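All remarks here apply to the structure that follows.
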Amino acid sequence: MNAFLRKFMMYYDIKRMHLDGRSISQISKALDCNRRTVKKYLDMEDEEFESFLKSQSTRGKLLLPYETFVHERLELYRDTSAAQMHDWLKEHHAEFPQVNQKTIFNFVKWVRHQHHLPFERPLRDYSAVEDAAYGMQGQIDFGEYNMRSGDGKRVKIYFFTLVLSRSRFKYVCFSCKPFTSSTAITAHESAFKYIKGIPDTLVYDQDKVFISNENHGELILTAQFKAYVRDRKFKVHMCRKADPESKGKIENVVKYIKQNFLYNRAFHDLETLNEDGLKWLERTANRLDHALTKKSPLNEWQIEQDFLRPFEPIADTGPAPVLYSVRKDNMISWKSNLYSLPLGTYTGRGSQIAVSFENGYLVICGPGQRELCRHAVAEGIGLKIINTDHKRDKSAALAEMTAEVCKLISDGDNLRRFISAIRADKPRYLRDQLILLREVITSNDHQLIEKGLLFCLQQGVNSANDFKALISKFKQQAIPVAVTPTGLNPLNGSYPPQALLQPQVSRIDDYQQILNQLN
C-alpha cells in the first residue's frame with residue numbers, strides 16, 4: 001500500500017469513527033496515529049483533503065539538486081547503500097544540508113525508481129555435484145543457540161556437528177563454553193567413535209579454532225590441531241572465507257539441529273542435553289529418510305562403515321587443562337574471581353595459561369605444563385586473590401646471575417657494560433639474555449669474545465642474539481681459505497695450452513698508411 005492510499009483510508013476511518021461517537025484519543029489509539037493528525041483530518045472537508053493529497057504528491061524534494069550526483073554514482077556502483085551515498089554527498093558537497101537518514105534512504109530509492117536502476121544482487125551460478133564416494137568425505141561445523149532453563153533464564157549453548165557426505169549420517173555434541181582447539185579435538189574423537197571410523201577428508205570453515213593465521217592463501221593450522229591431523233592422518237579441506245554454500249550439507253545439519261531438536265527445548269544440564277541429542281539422532285536425524293536421497297542415513301551408514309578408516313581411541317592422558325587468557329595486570333578471571341599471576345606472565349595480546357582444579361586448589365601452568373603458581377579457591381564472587389610473592393622484586397637473583405656470567409672472563413668490564421646496555425634495552429628478558437651470553441662465552445675463545453664485546457659497545461648493539469651471530473661471523477673469518485693453484489706454474493715439465501697462445505700483433509706500417517690518407 002502506497003502512502004497516498006494509506007492517508008486516504010485513514011481519513012475516512014477517522015471520519016467514520018468520529019460519527020460513531022469516539023473521542024480523538026480513542027481514534028488515535030485505535031489507528032495508532034498522532035492525536036494532532038486526527039484533529040487535523042477532522043477539521044478538513046472532503047475538498048480540502050483532496051487538495052492536501054495533491055499537494056503532498058507534487059511537493060518538491062529537498063535533495064533534488066543532488067539527483068544528478070546520485071544518479072551517476074548509482075550507474076557506476078549499482079549496489080551502493082543509502083548510508084554510503086549519504087557519506088559521499090557530505091564528502092563532495094560542503095553545503096549539503098543536515099537531513100535524517102530516512103530522507104536519504106527515500107531519496108536514493110526514488111532516484112533508483114526514476115532512472116530504472118534497481119539494486120541487483122550478484123547471481124552465483126550453481127552446478128550439481130556428484131555424491132562423494134563412500135568413506136571419502138565428512139563435513140564439520142559449529143553452531144550456537146540460546147535455550148531457556150527451568151527458571152526462565154537464557155543459556156547459550158555451543159555445539160559441534162559432523163555429517164558424512166555420502167550417507168548423511170550425523171553426529172552432534174553440546175558444550176556450555178565456546179570450542180577451543182583442545183575441546184574440538186575431543187569432539188572429533190567422540191564423533192569418530194560414534195560413526196566407527198574416520199573419513200579420508202574433512203571439510204571445515206576457516207575457523208580460529210583450527211587456523212592460527214592466513215598468509216596469501218596459505219592457511220596455517222594451530223599447533224595442537226596440526227599435530228592431531230598428523231596423528232590421525234586425514235586430509236583437511238578449508239572452504240573459502242565467508243562461503244558457507246561450499247559445504248551446504250553441514251550447514252543444513254546445523255539448521256536442522258536448531259529447528260528440529262533445540263527449538264522450544266528446556267535446558268536442565270549439559271549431560272542431559274547430550275544424552276537427549278544422541279537419542280534424537282537415533283530416532284529421527286539418522287533414521288528418517290533424507291529429503292534428497294530418499295534413503296535412511298542409518299542404512300547408508302551401515303554400507304559406508306566398510307569404507308571408513310578404522311578408528312582406534314587415543315590413550316587417555318587425563319582431562320586436558322582449560323586455557324584462560326591472561327589480563328594485562330597479570331591476573332586471570334576464574335568463576336567470577338580474579339587470581340594473581342607472577343609478573344611477566346602477560347607477554348602481549350593472546351597470552352594464555354592452562355588452569356586445572358586439584359583438591360580445592362587452582363593450579364596454573366605455563367608453557368610446557370610448567371607450574372607457575374597455585375591458589376586456594378576462594379568462596380564468593382567479585383574477589384581478588386593476590387599472592388604477595390608475585391609482586392616481589394627478583395632483581396637480587398638477577399644480580400647474582402649477572403655476577404656469575406661476568407666471572408667467566410678475566411677482565412669483565414666490557415661484559416658488565418654490555419649487560420647494563422641489555423638491561424636498559426630489554427629489562428623483561430634479561431634472564432634469557434644472560435643464559436644465552438653464558439652459553440656463547442663458555443663455547444668460544446676469549447679473544448673472540450673480547451673482540452665481539454668491543455664491537456657491540458662501539459656500535460650500540462644491545463642483544464645477546466646479535467652478539468652470538470657476530471661471534472659466529474668472526475670465527476668464519478678466522479678460518480684460512482685454501483688457495484687453489486691456477487695451473488700456470490710449469491714446474492711439472494709442461495705448459496698448459498693457454499700459456500702457449502700467441503696474441504695477434506699489429507704492424508706500425510698499417511697505422512702510418514691510415515694517417516697519410518687522412519692528411
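Chain labels follow the order of the C-alpha cells: the first chain is A, the next B, and so on; residue numbering restarts at 1 in every chain, and ligands are counted from 1 in their shown order.
Inside region 277-381 of chain A, the residues DSSP reads as helix (DSSP H, G or I) when given the backbone are Gly277, Leu278, Lys279, Trp280, Leu281, Glu282, Arg283, Thr284, Ala285, Pro297, Leu298, Asn299, Glu300, Trp301, Gln302, Ile303, Glu304, Gln305, Asp306, Phe307, Pro367, Gly368 and Gln369 of chain A.
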Can you spit out the residues from that selection as a short mmCIF file (atom, residue, chain, number, x, y, z; two decimals), in the first residue's frame, using C-alpha atoms?
data_model
loop_
_atom_site.label_atom_id
_atom_site.label_comp_id
_atom_site.auth_asym_id
_atom_site.auth_seq_id
_atom_site.Cartn_x
_atom_site.Cartn_y
_atom_site.Cartn_z
CA GLY A 277 20.88 -35.35 21.48
CA LEU A 278 22.13 -38.90 20.89
CA LYS A 279 18.60 -40.27 21.33
CA TRP A 280 17.32 -37.71 18.82
CA LEU A 281 19.96 -38.85 16.31
CA GLU A 282 18.88 -42.47 16.73
CA ARG A 283 15.13 -41.96 16.43
CA THR A 284 14.94 -39.06 13.98
CA ALA A 285 18.01 -37.48 12.37
CA PRO A 297 21.17 -42.33 6.76
CA LEU A 298 21.36 -45.27 9.16
CA ASN A 299 21.07 -47.85 6.36
CA GLU A 300 23.56 -45.95 4.18
CA TRP A 301 26.00 -45.66 7.10
CA GLN A 302 25.98 -49.43 7.55
CA ILE A 303 27.29 -49.65 3.98
CA GLU A 304 29.76 -46.80 4.45
CA GLN A 305 31.36 -48.30 7.57
CA ASP A 306 33.45 -50.69 5.44
CA PHE A 307 34.97 -47.72 3.56
CA PRO A 367 54.29 -23.33 28.51
CA GLY A 368 55.45 -26.92 28.73
CA GLN A 369 53.00 -27.56 31.60
#
Residue neighbourhood Phe474 (chain A), 12 Å, only C-alpha atoms, exclusion window fewer than 3 positions, as a CSV table (one decimal) with C-alpha atoms, in the first residue's frame:
chain,number,residue,atom,x,y,z
A,444,ASN,CA,84.1,-19.8,22.3
A,445,ASP,CA,87.7,-18.4,22.6
A,447,GLN,CA,89.9,-13.3,22.3
A,448,LEU,CA,86.8,-13.6,20.0
A,449,ILE,CA,84.5,-12.8,23.0
A,450,GLU,CA,86.5,-9.6,23.8
A,451,LYS,CA,86.6,-8.6,20.1
A,452,GLY,CA,82.8,-9.1,19.9
A,453,LEU,CA,82.1,-7.2,23.1
A,455,PHE,CA,82.4,-4.2,18.6
A,467,PHE,CA,76.3,-11.0,19.9
A,468,LYS,CA,76.1,-14.7,19.1
A,469,ALA,CA,75.7,-14.1,15.4
A,470,LEU,CA,78.7,-11.7,15.5
A,471,ILE,CA,80.9,-14.3,17.2
A,477,GLN,CA,86.8,-15.0,9.1
A,478,ALA,CA,89.5,-16.6,11.2
A,479,ILE,CA,89.4,-19.8,9.2
Using only C-alpha atoms, which residues of region 188-211 of chain A come within 7 Å of region 130-142 of chain A, and what is the closest atom pair for each, with the distance in Å to one decimal? Give it as a Markdown table, sorted by chain and residue number.
| residue | atom | partner | partner_atom | distance |
| --- | --- | --- | --- | --- |
| A:Pro199 | CA | A:Gly135 | CA | 5.1 |
| A:Asp200 | CA | A:Met136 | CA | 5.0 |
| A:Thr201 | CA | A:Gln137 | CA | 4.8 |
| A:Leu202 | CA | A:Gly138 | CA | 4.9 |
| A:Val203 | CA | A:Gln139 | CA | 4.6 |
| A:Tyr204 | CA | A:Ile140 | CA | 5.6 |
| A:Asp205 | CA | A:Asp141 | CA | 6.9 |
Residue contacts of Glu371 (chain A) (12 Å, only C-alpha atoms) excluding same-chain residues fewer than 6 positions away, as a list in words = Leu341, Pro342, Thr345, Ile353, Ala354, Val355, Ser356, Leu362, Val363, Ile364 and Cys365 of chain A
Go ahead and dump the residues you just picked, N, CA and C atoms, as a compact mmCIF listing (two decimals), in the first residue's frame.
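Wrote part-v3.txt, looks like this:
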# COMPACT_ATOMS: atom_id res chain seq x y z
N LEU A 341 48.96 -13.66 39.03
CA LEU A 341 49.99 -14.47 38.37
C LEU A 341 51.34 -13.79 38.59
N PRO A 342 52.43 -14.54 38.47
CA PRO A 342 53.76 -13.92 38.61
C PRO A 342 53.96 -12.83 37.56
N THR A 345 54.04 -12.86 33.33
CA THR A 345 53.22 -13.90 32.70
C THR A 345 52.54 -13.35 31.46
N ILE A 353 47.32 -19.24 29.66
CA ILE A 353 47.89 -20.21 30.59
C ILE A 353 46.86 -21.33 30.79
N ALA A 354 47.36 -22.48 31.25
CA ALA A 354 46.49 -23.63 31.49
C ALA A 354 46.07 -23.65 32.96
N VAL A 355 44.79 -23.88 33.19
CA VAL A 355 44.24 -23.88 34.55
C VAL A 355 43.55 -25.20 34.81
N SER A 356 43.83 -25.81 35.95
CA SER A 356 43.15 -27.04 36.36
C SER A 356 42.82 -26.95 37.84
N LEU A 362 43.55 -24.08 42.74
CA LEU A 362 43.61 -23.70 41.33
C LEU A 362 45.07 -23.77 40.90
N VAL A 363 45.40 -24.74 40.04
CA VAL A 363 46.77 -24.95 39.60
C VAL A 363 46.94 -24.28 38.23
N ILE A 364 47.91 -23.37 38.16
CA ILE A 364 48.13 -22.57 36.95
C ILE A 364 49.48 -22.94 36.36
N CYS A 365 49.46 -23.36 35.09
CA CYS A 365 50.68 -23.81 34.41
C CYS A 365 50.93 -22.97 33.17
request  = Find the residues around region 13-21 of chain A up to 10 Å (only C-alpha atoms counted), leave out those fewer than 2 positions away in its own chain, and share them as a PyMOL selection string.
outcome  = chain A and resi 7-11+23-24+26-28+30-31+37-39+41-44
key: Long-range neighbours of Asn106 (chain A) as an MDAnalysis selection string, 12 Å cut-off, only C-alpha atoms, 4 positions minimum in chain   = chainID A and resid 61:64 81:83 85:86 99:102 110:113
message = Write out as an MDAnalysis selection string the set of residues from region 317-443 of chain A that DSSP, computed on the backbone, places in strand (DSSP E or B).
response = chainID A and resid 322:325 331:334 337:340 352:358 361:365 371:376 384:385
Writing out the chosen residues with N, CA and C atoms as a compact mmCIF listing (two decimals), in the first residue's frame:
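As written to disk, out.txt reads:
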# COMPACT_ATOMS: atom_id res chain seq x y z
N VAL A 322 42.25 -26.48 30.83
CA VAL A 322 41.49 -25.43 30.17
C VAL A 322 42.37 -24.19 30.05
N LEU A 323 42.40 -23.58 28.87
CA LEU A 323 43.22 -22.40 28.63
C LEU A 323 42.43 -21.14 28.97
N TYR A 324 43.08 -20.23 29.69
CA TYR A 324 42.47 -18.95 30.06
C TYR A 324 43.37 -17.82 29.58
N SER A 325 42.74 -16.72 29.19
CA SER A 325 43.50 -15.55 28.74
C SER A 325 44.07 -14.80 29.94
N MET A 331 46.70 -11.14 35.78
CA MET A 331 45.68 -11.84 36.54
C MET A 331 44.79 -12.62 35.58
N ILE A 332 44.08 -13.62 36.11
CA ILE A 332 43.11 -14.36 35.32
C ILE A 332 41.77 -14.31 36.04
N SER A 333 40.71 -14.43 35.25
CA SER A 333 39.36 -14.48 35.80
C SER A 333 38.89 -15.92 35.78
N TRP A 334 38.54 -16.43 36.97
CA TRP A 334 38.06 -17.82 37.09
C TRP A 334 36.84 -17.83 37.99
N ASN A 337 36.01 -14.59 39.91
CA ASN A 337 37.04 -14.07 40.82
C ASN A 337 38.33 -13.86 40.04
N LEU A 338 39.18 -12.94 40.52
CA LEU A 338 40.46 -12.66 39.89
C LEU A 338 41.58 -13.25 40.72
N TYR A 339 42.50 -13.96 40.05
CA TYR A 339 43.64 -14.59 40.72
C TYR A 339 44.93 -14.04 40.11
N SER A 340 45.90 -13.73 40.97
CA SER A 340 47.15 -13.11 40.51
C SER A 340 48.07 -14.14 39.90
N GLN A 352 48.12 -16.88 27.06
CA GLN A 352 47.24 -17.86 27.69
C GLN A 352 48.01 -18.74 28.64
N ILE A 353 47.32 -19.24 29.66
CA ILE A 353 47.89 -20.21 30.59
C ILE A 353 46.86 -21.33 30.79
N ALA A 354 47.36 -22.48 31.25
CA ALA A 354 46.49 -23.63 31.49
C ALA A 354 46.07 -23.65 32.96
N VAL A 355 44.79 -23.88 33.19
CA VAL A 355 44.24 -23.88 34.55
C VAL A 355 43.55 -25.20 34.81
N SER A 356 43.83 -25.81 35.95
CA SER A 356 43.15 -27.04 36.36
C SER A 356 42.82 -26.95 37.84
N PHE A 357 41.85 -27.75 38.27
CA PHE A 357 41.38 -27.73 39.65
C PHE A 357 41.79 -29.03 40.33
N GLU A 358 42.53 -28.92 41.43
CA GLU A 358 43.01 -30.10 42.15
C GLU A 358 42.84 -29.90 43.65
N TYR A 361 42.42 -26.51 45.08
CA TYR A 361 43.41 -25.51 44.64
C TYR A 361 43.30 -25.30 43.13
N LEU A 362 43.55 -24.08 42.74
CA LEU A 362 43.61 -23.70 41.33
C LEU A 362 45.07 -23.77 40.90
N VAL A 363 45.40 -24.74 40.04
CA VAL A 363 46.77 -24.95 39.60
C VAL A 363 46.94 -24.28 38.23
N ILE A 364 47.91 -23.37 38.16
CA ILE A 364 48.13 -22.57 36.95
C ILE A 364 49.48 -22.94 36.36
N CYS A 365 49.46 -23.36 35.09
CA CYS A 365 50.68 -23.81 34.41
C CYS A 365 50.93 -22.97 33.17
N GLU A 371 54.47 -25.54 36.19
CA GLU A 371 53.58 -24.88 37.14
C GLU A 371 54.11 -23.51 37.50
N LEU A 372 53.25 -22.49 37.35
CA LEU A 372 53.60 -21.12 37.70
C LEU A 372 53.24 -20.81 39.14
N CYS A 373 52.06 -21.21 39.55
CA CYS A 373 51.60 -20.94 40.90
C CYS A 373 50.33 -21.72 41.15
N ARG A 374 49.85 -21.67 42.40
CA ARG A 374 48.56 -22.26 42.73
C ARG A 374 47.91 -21.42 43.81
N HIS A 375 46.57 -21.37 43.78
CA HIS A 375 45.78 -20.58 44.72
C HIS A 375 44.72 -21.48 45.35
N ALA A 376 44.44 -21.25 46.62
CA ALA A 376 43.27 -21.86 47.24
C ALA A 376 42.03 -21.19 46.66
N LYS A 384 39.38 -10.51 44.65
CA LYS A 384 40.73 -10.51 44.10
C LYS A 384 41.62 -11.31 45.04
N ILE A 385 42.18 -12.39 44.51
CA ILE A 385 43.07 -13.23 45.31
C ILE A 385 44.48 -12.97 44.81
request  = Fewer than 5 positions away in the same chain doesn't count, so skip those; otherwise give me all residues within 12 Å of Gln84 (chain A), counting only C-alpha atoms, as a list in words.
outcome  =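 What passes the distance filter is Val70, Arg73, Leu74, Tyr77, Arg78, Asp79, Leu89, Lys90, Glu91, Gln101, Ile104, Phe105 and Val108 of chain A.
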request  = Provide the CA of Arg438 (chain A) to CA of Val405 (chain A) distance in Å, to one decimal place.
outcome  = 5.9 Å
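You can rank A:Ala378, A:Leu434, A:Ala291, A:Ile157 by their closest distance to Ala403 (chain A) using only C-alpha atoms, and at the top of that list sits A:Leu434.
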remark   = Computed gap from CA of Thr402 (chain A) to CA of Ser420 (chain A) is 9.6 Å
